[in-house]
file entry_21.pdb (PDB, C-alpha atoms (C1' of nucleotides))
ATOM      1  CA  MET Z   1     -20.949  29.623 -31.773
ATOM      2  CA  MET Z   2     -20.913  25.992 -32.852
ATOM      3  CA  LYS Z   3     -24.041  24.284 -34.140
ATOM      4  CA  GLU Z   4     -25.283  21.528 -31.845
ATOM      5  CA  THR Z   5     -24.747  18.156 -33.509
ATOM      6  CA  SER Z   6     -27.298  15.385 -33.198
ATOM      7  CA  ASP Z   7     -24.785  13.601 -30.979
ATOM      8  CA  ASP Z   8     -24.823  16.579 -28.624
ATOM      9  CA  VAL Z   9     -28.602  16.474 -28.478
ATOM     10  CA  ILE Z  10     -28.544  12.818 -27.535
ATOM     11  CA  ARG Z  11     -25.865  13.399 -24.901
ATOM     12  CA  ARG Z  12     -27.818  16.221 -23.354
ATOM     13  CA  LEU Z  13     -30.961  14.101 -23.257
ATOM     14  CA  MET Z  14     -29.128  11.258 -21.584
ATOM     15  CA  GLU Z  15     -27.590  13.526 -18.989
ATOM     16  CA  GLU Z  16     -31.036  14.695 -17.974
ATOM     17  CA  MET Z  17     -32.319  11.125 -17.994
ATOM     18  CA  PHE Z  18     -29.619   9.813 -15.712
ATOM     19  CA  ASN Z  19     -30.044  12.732 -13.382
ATOM     20  CA  ILE Z  20     -33.710  12.006 -13.019
ATOM     21  CA  GLN Z  21     -33.014   8.338 -12.627
ATOM     22  CA  ASN Z  22     -30.621   9.044  -9.763
ATOM     23  CA  LYS Z  23     -32.846  11.529  -8.070
ATOM     24  CA  SER Z  24     -35.906   9.364  -8.131
ATOM     25  CA  LYS Z  25     -33.839   6.448  -6.889
ATOM     26  CA  GLU Z  26     -32.651   8.617  -4.012
ATOM     27  CA  PHE Z  27     -36.186   9.678  -3.264
ATOM     28  CA  MET Z  28     -37.350   6.065  -3.221
ATOM     29  CA  GLN Z  29     -34.572   5.161  -0.863
ATOM     30  CA  LEU Z  30     -35.503   8.024   1.405
ATOM     31  CA  LEU Z  31     -38.688   6.029   1.965
ATOM     32  CA  THR Z  32     -37.592   2.446   1.633
ATOM     33  CA  HIS Z  33     -34.096   2.230   3.126
ATOM     34  CA  ASP Z  34     -33.801   0.859   6.637
ATOM     35  CA  GLU Z  35     -37.098  -0.912   6.148
ATOM     36  CA  ASN Z  36     -35.674  -4.385   5.720
ATOM     37  CA  LEU Z  37     -37.952  -5.221   2.832
ATOM     38  CA  SER Z  38     -37.220  -5.105  -0.860
ATOM     39  CA  GLU Z  39     -38.264  -1.907  -2.598
ATOM     40  CA  ASN Z  40     -41.171  -3.611  -4.335
ATOM     41  CA  LEU Z  41     -42.503  -5.029  -1.094
ATOM     42  CA  VAL Z  42     -42.489  -1.579   0.490
ATOM     43  CA  LEU Z  43     -44.217  -0.145  -2.558
ATOM     44  CA  LEU Z  44     -46.838  -2.865  -2.356
ATOM     45  CA  LEU Z  45     -47.563  -1.968   1.263
ATOM     46  CA  LEU Z  46     -47.975   1.660   0.178
ATOM     47  CA  ARG Z  47     -50.283   0.749  -2.669
ATOM     48  CA  LEU Z  48     -52.414  -1.318  -0.337
ATOM     49  CA  LYS Z  49     -52.623   1.666   1.979
ATOM     50  CA  LEU Z  50     -53.741   3.818  -0.909
ATOM     51  CA  TYR Z  51     -56.253   1.484  -2.543
ATOM     52  CA  ARG Z  52     -57.255  -0.316   0.672
ATOM     53  CA  HIS Z  53     -57.326  -3.680  -1.111
ATOM     54  CA  MET Z  54     -56.123  -5.153  -4.401
ATOM     55  CA  LYS Z  55     -56.591  -8.338  -6.367
ATOM     56  CA  VAL Z  56     -53.478 -10.358  -7.116
ATOM     57  CA  THR Z  57     -54.021  -9.596 -10.777
ATOM     58  CA  GLU Z  58     -54.059  -5.878 -10.064
ATOM     59  CA  ILE Z  59     -50.875  -6.191  -8.062
ATOM     60  CA  SER Z  60     -49.016  -7.990 -10.795
ATOM     61  CA  GLU Z  61     -50.221  -5.455 -13.351
ATOM     62  CA  ALA Z  62     -49.192  -2.532 -11.163
ATOM     63  CA  PHE Z  63     -45.664  -3.881 -10.928
ATOM     64  CA  MET Z  64     -45.660  -5.281 -14.458
ATOM     65  CA  LEU Z  65     -45.053  -8.819 -13.225
ATOM     66  CA  THR Z  66     -46.544 -12.201 -13.965
ATOM     67  CA  PRO Z  67     -49.387 -13.391 -11.731
ATOM     68  CA  GLY Z  68     -47.022 -15.932 -10.217
ATOM     69  CA  ALA Z  69     -44.693 -13.195  -9.065
ATOM     70  CA  GLY Z  70     -47.651 -11.301  -7.601
ATOM     71  CA  THR Z  71     -48.655 -14.323  -5.573
ATOM     72  CA  ASN Z  72     -45.076 -14.593  -4.420
ATOM     73  CA  MET Z  73     -44.921 -11.023  -3.103
ATOM     74  CA  CYS Z  74     -48.183 -11.527  -1.259
ATOM     75  CA  ASP Z  75     -46.891 -14.737   0.291
ATOM     76  CA  LYS Z  76     -43.948 -12.870   1.741
ATOM     77  CA  LEU Z  77     -46.006 -10.063   3.222
ATOM     78  CA  GLU Z  78     -48.515 -12.578   4.537
ATOM     79  CA  ASP Z  79     -45.734 -14.497   6.303
ATOM     80  CA  LEU Z  80     -44.797 -11.245   8.024
ATOM     81  CA  ASP Z  81     -48.441 -10.675   9.002
ATOM     82  CA  TYR Z  82     -48.559  -7.409   7.096
ATOM     83  CA  VAL Z  83     -51.343  -8.448   4.724
ATOM     84  CA  GLU Z  84     -54.227 -10.866   4.685
ATOM     85  CA  ARG Z  85     -56.050 -12.540   1.823
ATOM     86  CA  ILE Z  86     -59.790 -12.767   1.796
ATOM     87  CA  ARG Z  87     -61.659 -14.610  -0.927
ATOM     88  CA  THR Z  88     -64.633 -12.478  -1.873
ATOM     89  CA  LYS Z  89     -68.128 -13.883  -1.458
ATOM     90  CA  ASP Z  90     -69.535 -12.671  -4.748
ATOM     91  CA  ASP Z  91     -66.757 -14.086  -6.934
ATOM     92  CA  ARG Z  92     -64.921 -16.767  -5.046
ATOM     93  CA  ARG Z  93     -62.101 -16.886  -7.589
ATOM     94  CA  VAL Z  94     -60.844 -13.498  -6.543
ATOM     95  CA  VAL Z  95     -58.654 -12.857  -3.542
ATOM     96  CA  ARG Z  96     -58.679  -9.468  -1.913
ATOM     97  CA  VAL Z  97     -55.341  -8.612  -0.424
ATOM     98  CA  SER Z  98     -55.367  -5.946   2.266
ATOM     99  CA  LEU Z  99     -53.248  -4.600   5.113
ATOM    100  CA  THR Z 100     -53.561  -6.107   8.559
ATOM    101  CA  LYS Z 101     -53.406  -3.946  11.667
ATOM    102  CA  LYS Z 102     -49.698  -4.692  11.822
ATOM    103  CA  GLY Z 103     -49.308  -3.725   8.157
ATOM    104  CA  GLU Z 104     -51.088  -0.412   8.726
ATOM    105  CA  GLU Z 105     -48.716   0.352  11.566
ATOM    106  CA  ARG Z 106     -45.747  -0.492   9.415
ATOM    107  CA  VAL Z 107     -46.875   1.959   6.740
ATOM    108  CA  GLU Z 108     -47.411   4.668   9.332
ATOM    109  CA  GLY Z 109     -43.882   4.045  10.537
ATOM    110  CA  ILE Z 110     -42.549   4.700   7.074
ATOM    111  CA  PHE Z 111     -44.046   8.177   6.957
ATOM    112  CA  SER Z 112     -43.634   9.134  10.577
ATOM    113  CA  LYS Z 113     -40.104  10.364   9.813
ATOM    114  CA  PHE Z 114     -41.600  13.377   8.007
ATOM    115  CA  SER Z 115     -43.589  16.300   9.319
ATOM    116  CA  GLU Z 116     -47.009  16.884   7.816
ATOM    117  CA  GLU Z 117     -45.738  20.138   6.327
ATOM    118  CA  LYS Z 118     -42.896  18.303   4.636
ATOM    119  CA  LEU Z 119     -45.274  15.679   3.237
ATOM    120  CA  LYS Z 120     -47.525  18.363   1.827
ATOM    121  CA  ARG Z 121     -44.635  20.120   0.167
ATOM    122  CA  MET Z 122     -43.406  16.867  -1.304
ATOM    123  CA  SER Z 123     -46.716  16.001  -2.839
ATOM    124  CA  SER Z 124     -47.191  19.381  -4.430
ATOM    125  CA  VAL Z 125     -43.761  19.187  -6.064
ATOM    126  CA  LEU Z 126     -44.521  15.664  -7.246
ATOM    127  CA  ALA Z 127     -47.767  16.924  -8.754
ATOM    128  CA  GLU Z 128     -45.812  19.474 -10.780
ATOM    129  CA  ILE Z 129     -43.415  16.785 -11.938
ATOM    130  CA  ASN Z 130     -46.358  14.695 -13.028
ATOM    131  CA  SER Z 131     -47.788  17.392 -15.197
ATOM    132  CA  LEU Z 132     -44.425  17.855 -16.858
ATOM    133  CA  PHE Z 133     -44.256  14.142 -17.609
ATOM    134  CA  GLU Z 134     -47.526  14.500 -19.475
ATOM    135  CA  LYS Z 135     -45.795  16.813 -21.889
ATOM    136  CA  ILE Z 136     -43.142  14.315 -22.897
ATOM    137  CA  ALA Z 137     -45.578  11.856 -24.372
ATOM    138  CA  GLU Z 138     -47.067  14.421 -26.750
TER
ATOM    139  CA  MET V   1     -65.168  21.939   3.982
ATOM    140  CA  MET V   2     -63.524  19.022   5.756
ATOM    141  CA  LYS V   3     -60.030  19.314   7.200
ATOM    142  CA  GLU V   4     -57.477  17.140   5.422
ATOM    143  CA  THR V   5     -56.404  14.334   7.750
ATOM    144  CA  SER V   6     -52.819  13.153   7.865
ATOM    145  CA  ASP V   7     -54.027   9.975   6.207
ATOM    146  CA  ASP V   8     -55.301  12.058   3.291
ATOM    147  CA  VAL V   9     -51.947  13.779   2.977
ATOM    148  CA  ILE V  10     -50.167  10.446   2.796
ATOM    149  CA  ARG V  11     -52.648   9.111   0.242
ATOM    150  CA  ARG V  12     -52.217  12.151  -1.943
ATOM    151  CA  LEU V  13     -48.445  11.868  -1.790
ATOM    152  CA  MET V  14     -48.563   8.228  -2.752
ATOM    153  CA  GLU V  15     -50.878   8.875  -5.661
ATOM    154  CA  GLU V  16     -48.386  11.345  -7.083
ATOM    155  CA  MET V  17     -45.526   8.945  -6.424
ATOM    156  CA  PHE V  18     -47.153   6.065  -8.231
ATOM    157  CA  ASN V  19     -48.074   8.271 -11.134
ATOM    158  CA  ILE V  20     -44.497   9.356 -11.529
ATOM    159  CA  GLN V  21     -43.317   5.808 -11.144
ATOM    160  CA  ASN V  22     -45.598   4.692 -13.965
ATOM    161  CA  LYS V  23     -44.744   7.543 -16.243
ATOM    162  CA  SER V  24     -41.023   7.175 -15.900
ATOM    163  CA  LYS V  25     -41.368   3.448 -16.420
ATOM    164  CA  GLU V  26     -43.288   4.141 -19.616
ATOM    165  CA  PHE V  27     -40.670   6.596 -20.739
ATOM    166  CA  MET V  28     -37.913   4.068 -20.124
ATOM    167  CA  GLN V  29     -39.793   1.489 -22.111
ATOM    168  CA  LEU V  30     -40.228   3.928 -24.935
ATOM    169  CA  LEU V  31     -36.459   3.646 -25.242
ATOM    170  CA  THR V  32     -35.729   0.106 -24.178
ATOM    171  CA  HIS V  33     -38.613  -2.042 -25.422
ATOM    172  CA  ASP V  34     -38.037  -4.029 -28.585
ATOM    173  CA  GLU V  35     -34.329  -3.824 -27.939
ATOM    174  CA  ASN V  36     -33.884  -7.419 -26.755
ATOM    175  CA  LEU V  37     -31.607  -6.421 -23.923
ATOM    176  CA  SER V  38     -32.458  -5.947 -20.277
ATOM    177  CA  GLU V  39     -33.183  -2.382 -19.236
ATOM    178  CA  ASN V  40     -29.904  -2.104 -17.364
ATOM    179  CA  LEU V  41     -27.910  -3.284 -20.350
ATOM    180  CA  VAL V  42     -29.529  -0.645 -22.551
ATOM    181  CA  LEU V  43     -28.846   1.987 -19.901
ATOM    182  CA  LEU V  44     -25.239   0.881 -19.725
ATOM    183  CA  LEU V  45     -24.857   1.333 -23.471
ATOM    184  CA  LEU V  46     -26.297   4.825 -23.107
ATOM    185  CA  ARG V  47     -23.995   5.704 -20.250
ATOM    186  CA  LEU V  48     -21.022   4.540 -22.248
ATOM    187  CA  LYS V  49     -22.173   6.745 -25.101
ATOM    188  CA  LEU V  50     -22.380   9.672 -22.712
ATOM    189  CA  TYR V  51     -19.155   9.190 -20.785
ATOM    190  CA  ARG V  52     -17.222   7.551 -23.649
ATOM    191  CA  HIS V  53     -15.635   5.044 -21.264
ATOM    192  CA  MET V  54     -16.141   3.797 -17.723
ATOM    193  CA  LYS V  55     -14.291   1.662 -15.213
ATOM    194  CA  VAL V  56     -16.032  -1.466 -13.971
ATOM    195  CA  THR V  57     -16.153   0.101 -10.536
ATOM    196  CA  GLU V  58     -17.878   3.171 -11.928
ATOM    197  CA  ILE V  59     -20.390   0.986 -13.699
ATOM    198  CA  SER V  60     -21.278  -0.967 -10.604
ATOM    199  CA  GLU V  61     -21.608   2.242  -8.609
ATOM    200  CA  ALA V  62     -23.814   3.862 -11.246
ATOM    201  CA  PHE V  63     -26.234   0.953 -11.083
ATOM    202  CA  MET V  64     -25.733   0.358  -7.369
ATOM    203  CA  LEU V  65     -24.484  -3.165  -7.917
ATOM    204  CA  THR V  66     -21.559  -5.192  -6.618
ATOM    205  CA  PRO V  67     -18.382  -5.213  -8.697
ATOM    206  CA  GLY V  68     -19.108  -8.795  -9.675
ATOM    207  CA  ALA V  69     -22.425  -7.793 -11.191
ATOM    208  CA  GLY V  70     -20.678  -5.004 -13.097
ATOM    209  CA  THR V  71     -18.228  -7.475 -14.576
ATOM    210  CA  ASN V  72     -21.172  -9.641 -15.522
ATOM    211  CA  MET V  73     -22.970  -6.883 -17.414
ATOM    212  CA  CYS V  74     -19.795  -6.075 -19.297
ATOM    213  CA  ASP V  75     -19.331  -9.734 -20.170
ATOM    214  CA  LYS V  76     -22.729  -9.824 -21.788
ATOM    215  CA  LEU V  77     -22.206  -6.707 -23.839
ATOM    216  CA  GLU V  78     -18.746  -7.906 -24.782
ATOM    217  CA  ASP V  79     -20.168 -11.215 -26.021
ATOM    218  CA  LEU V  80     -22.462  -9.194 -28.261
ATOM    219  CA  ASP V  81     -19.514  -7.135 -29.501
ATOM    220  CA  TYR V  82     -21.068  -3.927 -28.232
ATOM    221  CA  VAL V  83     -18.241  -3.036 -25.858
ATOM    222  CA  GLU V  84     -14.555  -3.674 -25.503
ATOM    223  CA  ARG V  85     -12.289  -3.707 -22.480
ATOM    224  CA  ILE V  86      -8.924  -2.072 -22.546
ATOM    225  CA  ARG V  87      -6.550  -2.283 -19.615
ATOM    226  CA  THR V  88      -5.048   1.147 -19.163
ATOM    227  CA  LYS V  89      -1.308   1.591 -19.466
ATOM    228  CA  ASP V  90      -0.776   3.879 -16.489
ATOM    229  CA  ASP V  91      -2.609   1.661 -14.014
ATOM    230  CA  ARG V  92      -2.886  -1.860 -15.308
ATOM    231  CA  ARG V  93      -5.429  -2.851 -12.657
ATOM    232  CA  VAL V  94      -8.112  -0.720 -14.222
ATOM    233  CA  VAL V  95     -10.155  -1.693 -17.240
ATOM    234  CA  ARG V  96     -11.680   0.914 -19.489
ATOM    235  CA  VAL V  97     -14.943  -0.279 -20.967
ATOM    236  CA  SER V  98     -16.080   1.513 -24.090
ATOM    237  CA  LEU V  99     -18.441   1.116 -27.033
ATOM    238  CA  THR V 100     -17.258  -0.644 -30.152
ATOM    239  CA  LYS V 101     -18.308   0.530 -33.603
ATOM    240  CA  LYS V 102     -21.160  -1.957 -33.425
ATOM    241  CA  GLY V 103     -22.133  -0.648 -29.984
ATOM    242  CA  GLU V 104     -22.179   2.937 -31.261
ATOM    243  CA  GLU V 105     -24.484   1.879 -34.064
ATOM    244  CA  ARG V 106     -26.759   0.115 -31.648
ATOM    245  CA  VAL V 107     -27.098   3.266 -29.562
ATOM    246  CA  GLU V 108     -27.825   5.331 -32.651
ATOM    247  CA  GLY V 109     -30.539   2.829 -33.537
ATOM    248  CA  ILE V 110     -32.192   3.416 -30.192
ATOM    249  CA  PHE V 111     -32.589   7.121 -30.841
ATOM    250  CA  SER V 112     -33.246   7.026 -34.549
ATOM    251  CA  LYS V 113     -36.935   6.491 -33.859
ATOM    252  CA  PHE V 114     -37.183  10.130 -32.771
ATOM    253  CA  SER V 115     -36.808  13.325 -34.741
ATOM    254  CA  GLU V 116     -34.169  15.775 -33.568
ATOM    255  CA  GLU V 117     -36.932  18.212 -32.684
ATOM    256  CA  LYS V 118     -38.608  15.622 -30.507
ATOM    257  CA  LEU V 119     -35.328  14.824 -28.766
ATOM    258  CA  LYS V 120     -34.733  18.473 -28.021
ATOM    259  CA  ARG V 121     -38.194  18.893 -26.604
ATOM    260  CA  MET V 122     -37.762  15.815 -24.458
ATOM    261  CA  SER V 123     -34.527  16.990 -22.949
ATOM    262  CA  SER V 124     -35.829  20.427 -22.099
ATOM    263  CA  VAL V 125     -38.826  18.929 -20.305
ATOM    264  CA  LEU V 126     -36.516  16.540 -18.484
ATOM    265  CA  ALA V 127     -34.374  19.479 -17.416
ATOM    266  CA  GLU V 128     -37.425  21.112 -15.844
ATOM    267  CA  ILE V 129     -38.282  17.907 -14.058
ATOM    268  CA  ASN V 130     -34.759  17.777 -12.724
ATOM    269  CA  SER V 131     -34.911  21.197 -11.206
ATOM    270  CA  LEU V 132     -38.188  20.298  -9.518
ATOM    271  CA  PHE V 133     -36.593  17.218  -8.021
ATOM    272  CA  GLU V 134     -33.995  19.467  -6.426
ATOM    273  CA  LYS V 135     -36.777  21.108  -4.466
ATOM    274  CA  ILE V 136     -37.921  17.892  -2.830
ATOM    275  CA  ALA V 137     -34.686  17.288  -0.979
ATOM    276  CA  GLU V 138     -34.791  20.681   0.746
TER
ATOM    277  C1'  DA I   1      11.009  -5.728   0.631
ATOM    278  C1'  DT I   2       6.691  -5.843   2.961
ATOM    279  C1'  DA I   3       2.250  -4.415   3.930
ATOM    280  C1'  DA I   4      -1.823  -2.199   2.758
ATOM    281  C1'  DA I   5      -4.846  -0.495  -0.700
ATOM    282  C1'  DT I   6      -7.218  -0.642  -5.121
ATOM    283  C1'  DG I   7      -9.479  -2.721  -9.234
ATOM    284  C1'  DT I   8     -11.222  -6.742 -11.465
ATOM    285  C1'  DT I   9     -12.704 -11.501 -11.895
ATOM    286  C1'  DT I  10     -14.275 -15.938 -10.330
ATOM    287  C1'  DT I  11     -17.072 -18.903  -7.639
ATOM    288  C1'  DA I  12     -20.878 -20.956  -5.202
ATOM    289  C1'  DA I  13     -25.108 -19.964  -3.005
ATOM    290  C1'  DT I  14     -29.336 -17.484  -3.049
ATOM    291  C1'  DA I  15     -33.226 -14.805  -4.429
ATOM    292  C1'  DG I  16     -36.248 -13.268  -7.870
ATOM    293  C1'  DT I  17     -38.490 -14.067 -12.220
ATOM    294  C1'  DT I  18     -40.846 -16.440 -15.747
ATOM    295  C1'  DA I  19     -43.763 -19.544 -18.622
ATOM    296  C1'  DA I  20     -46.658 -23.109 -18.385
ATOM    297  C1'  DA I  21     -49.715 -26.041 -16.325
ATOM    298  C1'  DA I  22     -53.053 -26.908 -12.737
ATOM    299  C1'  DC I  23     -56.794 -25.635 -10.201
ATOM    300  C1'  DA I  24     -61.071 -23.286  -8.922
ATOM    301  C1'  DT I  25     -64.940 -20.703 -10.058
ATOM    302  C1'  DA I  26     -67.922 -17.826 -13.373
ATOM    303  C1'  DT I  27     -70.092 -16.784 -17.521
ATOM    304  C1'  DT I  28     -71.796 -17.719 -21.987
ATOM    305  C1'  DT I  29     -74.189 -20.291 -25.374
ATOM    306  C1'  DG I  30     -76.151 -24.014 -28.022
TER
ATOM    307  C1'  DC D   1     -78.912 -27.736 -18.311
ATOM    308  C1'  DA D   2     -74.284 -29.235 -20.034
ATOM    309  C1'  DA D   3     -70.359 -27.932 -22.456
ATOM    310  C1'  DA D   4     -67.241 -24.606 -23.739
ATOM    311  C1'  DT D   5     -64.914 -20.625 -22.730
ATOM    312  C1'  DA D   6     -63.164 -17.035 -19.800
ATOM    313  C1'  DT D   7     -61.257 -15.300 -15.531
ATOM    314  C1'  DG D   8     -58.435 -15.277 -11.155
ATOM    315  C1'  DT D   9     -55.040 -17.511  -8.409
ATOM    316  C1'  DT D  10     -51.485 -20.856  -7.261
ATOM    317  C1'  DT D  11     -47.947 -24.173  -8.086
ATOM    318  C1'  DT D  12     -44.012 -25.916 -10.337
ATOM    319  C1'  DA D  13     -39.639 -26.303 -12.635
ATOM    320  C1'  DA D  14     -36.260 -23.885 -15.248
ATOM    321  C1'  DC D  15     -33.735 -19.882 -15.680
ATOM    322  C1'  DT D  16     -31.457 -15.392 -14.754
ATOM    323  C1'  DA D  17     -29.501 -12.007 -11.925
ATOM    324  C1'  DT D  18     -27.387 -10.848  -7.730
ATOM    325  C1'  DT D  19     -24.595 -11.275  -3.829
ATOM    326  C1'  DA D  20     -20.688 -12.142  -0.632
ATOM    327  C1'  DA D  21     -16.452 -13.924  -0.398
ATOM    328  C1'  DA D  22     -12.260 -15.360  -2.037
ATOM    329  C1'  DA D  23      -8.746 -15.110  -5.522
ATOM    330  C1'  DC D  24      -5.945 -12.610  -8.430
ATOM    331  C1'  DA D  25      -3.259  -8.678 -10.267
ATOM    332  C1'  DT D  26      -1.287  -4.451  -9.719
ATOM    333  C1'  DT D  27      -0.107  -0.199  -7.360
ATOM    334  C1'  DT D  28       1.141   2.789  -3.471
ATOM    335  C1'  DA D  29       2.978   3.583   1.027
ATOM    336  C1'  DT D  30       6.232   2.321   4.790
TER
END
call {"tool": "encode", "arguments": {"input": "entry_21.pdb", "output": "structure tokens"}}
result
Amino acid sequence: MMKETSDDVIRRLMEEMFNIQNKSKEFMQLLTHDENLSENLVLLLLRLKLYRHMKVTEISEAFMLTPGAGTNMCDKLEDLDYVERIRTKDDRRVVRVSLTKKGEERVEGIFSKFSEEKLKRMSSVLAEINSLFEKIAE
Amino acid sequence: MMKETSDDVIRRLMEEMFNIQNKSKEFMQLLTHDENLSENLVLLLLRLKLYRHMKVTEISEAFMLTPGAGTNMCDKLEDLDYVERIRTKDDRRVVRVSLTKKGEERVEGIFSKFSEEKLKRMSSVLAEINSLFEKIAE
DNA sequence: ATAAATGTTTTAATAGTTAAAACATATTTG
DNA sequence: CAAATATGTTTTAACTATTAAAACATTTAT
């Protein structure tokens, strides 16, 4: 049996990488296709569902974008009436972005394709994947 | 103990999703940061290492881009002398894109930060993650 | 030969991104 | 308190990447 060269190791690693890349792309598209919004805009709607409201700064950090780009995404969703901006009373510099009624409904629509059982199964598999990812960093 | 509402299920799923999104982004950046090339260009170099050569069509499919965008990526890497294009003899419409010597070295540089042990560990964890991803589709 | 199909490149228009400056408000400190 | 500094958001202008469509080259089928 041949010894594995360092080239082989790298090739094997890349094969796994590309596989994961494809599969997670597919998974994303399972959720975001046929919504006629860019992937990031859909993901922003989902994040707003999860966190209930976010500052523009938080949004741009979450997507690793400049504040300007964050503002831009919010503008688009605001034009569609999916989100609203409210300047907070305590610190009037900050803008809280949150889903409107229409935005909430849109998010529900995204998940209504799946049964509750299916959603539960998905999240438990994703949890396992997460704990594996922890091990890579080590 | 409270029953989990369908809203809770969705929130849990999204938490896992975003976690994975962040972690795989971090992992990608482990490889691609401080290379002064866009992420896709680095990934193209890696794919070329793995497959040895690709057609422009294959490249644009792999990255889900239009053929024009594929040509564009190749142009950039060609300008940097990392890849070369060779029209194949049997079918002179097709162009085989492959790494030059300089491109090979560049790819080696990307992985030289890691010990062989580390690379092996990474790919076995990635393999596990892959098999978990299979289970989501079901 | 002609028509249809395939693979790549070019082009012009568009969309997305950025860095920097501008603006508004808060907090700190001399 | 006033001035300086820090924080959060928006605007702007320049730049980059992407697309759709057409053009081009070659091959395969009729």
call {"tool": "atom_distance", "arguments": {"input": "entry_21.pdb", "atom1": "CA of Thr57 in chain Z", "atom2": "CA of Asn22 in chain V"}}
result
16.9 Å
call {"tool": "closest_residue", "arguments": {"input": "entry_21.pdb", "among": "Z:Met73, Z:Val83, Z:Met1, Z:Leu43", "to": "Met17 in chain V", "atoms": "all atoms listed in the file"}}
result
Z:Leu43
call {"tool": "residues_around", "arguments": {"input": "entry_21.pdb", "residues": "range 88-100 of chain V", "least_positions_apart": "5", "cutoff": "7 Å", "atoms": "all atoms listed in the file", "output": "PyMOL selection string"}}
result
(chain V and resi 48+52-56+81-83) or (chain I and resi 7) or (chain D and resi 25-26)
call {"tool": "resolve_selection", "arguments": {"input": "entry_21.pdb", "expression": "the PyMOL selection byres ((chain D) within 12 of (chain V))", "output": "PyMOL selection string"}}
result
chain D and resi 16-21+24-28
call {"tool": "interface_residues", "arguments": {"input": "entry_21.pdb", "of": "chain I", "to": "chain V", "cutoff": "10 Å", "atoms": "only C-alpha atoms (C1' of nucleotides)", "output": "MDAnalysis selection string"}}
result
chainID I and resid 6:10
call {"tool": "closest_atom_pairs", "arguments": {"input": "entry_21.pdb", "of": "chain V", "to": "chain Z", "cutoff": "10 Å", "atoms": "all atoms listed in the file", "output": "Markdown table"}}
result
| residue | atom | partner | partner_atom | distance |
| --- | --- | --- | --- | --- |
| V:Thr5 | CA | Z:Glu116 | CA | 9.7 |
| V:Ser6 | CA | Z:Glu116 | CA | 6.9 |
| V:Asp7 | CA | Z:Glu108 | CA | 9.0 |
| V:Asp8 | CA | Z:Leu50 | CA | 9.4 |
| V:Val9 | CA | Z:Lys120 | CA | 6.5 |
| V:Ile10 | CA | Z:Leu119 | CA | 7.2 |
| V:Arg11 | CA | Z:Leu50 | CA | 5.5 |
| V:Arg12 | CA | Z:Ser123 | CA | 6.8 |
| V:Leu13 | CA | Z:Ser123 | CA | 4.6 |
| V:Met14 | CA | Z:Leu50 | CA | 7.0 |
| V:Glu15 | CA | Z:Leu50 | CA | 7.5 |
| V:Glu16 | CA | Z:Leu126 | CA | 5.8 |
| V:Met17 | CA | Z:Leu126 | CA | 6.8 |
| V:Phe18 | CA | Z:Arg47 | CA | 8.3 |
| V:Asn19 | CA | Z:Asn130 | CA | 6.9 |
| V:Ile20 | CA | Z:Asn130 | CA | 5.8 |
| V:Gln21 | CA | Z:Ser24 | CA | 8.8 |
| V:Asn22 | CA | Z:Ala62 | CA | 8.5 |
| V:Lys23 | CA | Z:Phe133 | CA | 6.8 |
| V:Ser24 | CA | Z:Phe133 | CA | 7.9 |
| V:Lys25 | CA | Z:Met64 | CA | 9.9 |
| V:Glu26 | CA | Z:Ala137 | CA | 9.3 |
| V:Phe27 | CA | Z:Ala137 | CA | 8.1 |
| V:Met28 | CA | Z:Met17 | CA | 9.3 |
| V:Leu30 | CA | Z:Ala137 | CA | 9.6 |
| V:Leu43 | CA | Z:Phe18 | CA | 8.9 |
| V:Leu46 | CA | Z:Met14 | CA | 7.2 |
| V:Arg47 | CA | Z:Met14 | CA | 7.7 |
| V:Lys49 | CA | Z:Arg11 | CA | 7.6 |
| V:Leu50 | CA | Z:Arg11 | CA | 5.6 |
| V:Tyr51 | CA | Z:Arg11 | CA | 8.9 |
| V:Ala62 | CA | Z:Asn22 | CA | 8.7 |
| V:Phe63 | CA | Z:Asn22 | CA | 9.3 |
| V:Val107 | CA | Z:Ile10 | CA | 9.9 |
| V:Glu108 | CA | Z:Asp7 | CA | 9.0 |
| V:Phe111 | CA | Z:Ile10 | CA | 7.7 |
| V:Ser115 | CA | Z:Ser6 | CA | 9.9 |
| V:Glu116 | CA | Z:Ser6 | CA | 6.9 |
| V:Glu117 | CA | Z:Val9 | CA | 9.5 |
| V:Lys118 | CA | Z:Ile136 | CA | 9.0 |
| V:Leu119 | CA | Z:Val9 | CA | 6.9 |
| V:Lys120 | CA | Z:Val9 | CA | 6.5 |
| V:Arg121 | CA | Z:Ile136 | CA | 7.7 |
| V:Met122 | CA | Z:Ile136 | CA | 5.8 |
| V:Ser123 | CA | Z:Leu13 | CA | 4.6 |
| V:Ser124 | CA | Z:Leu13 | CA | 8.1 |
| V:Val125 | CA | Z:Leu132 | CA | 6.7 |
| V:Leu126 | CA | Z:Glu16 | CA | 5.8 |
| V:Ala127 | CA | Z:Glu16 | CA | 5.9 |
| V:Glu128 | CA | Z:Leu132 | CA | 7.8 |
| V:Ile129 | CA | Z:Ile129 | CA | 5.7 |
| V:Asn130 | CA | Z:Ile20 | CA | 5.9 |
| V:Ser131 | CA | Z:Ile20 | CA | 9.4 |
| V:Leu132 | CA | Z:Val125 | CA | 6.7 |
| V:Phe133 | CA | Z:Lys23 | CA | 6.8 |
| V:Glu134 | CA | Z:Lys23 | CA | 8.2 |
| V:Lys135 | CA | Z:Val125 | CA | 7.4 |
| V:Ile136 | CA | Z:Met122 | CA | 5.8 |
| V:Ala137 | CA | Z:Phe27 | CA | 8.1 |
| V:Glu138 | CA | Z:Lys118 | CA | 9.3 |
call {"tool": "resolve_selection", "arguments": {"input": "entry_21.pdb", "expression": "the PyMOL selection byres ((chain D and resi 2) around 12)", "output": "number ranges by chain"}}
result
I: 28-30; D: 1, 3-4
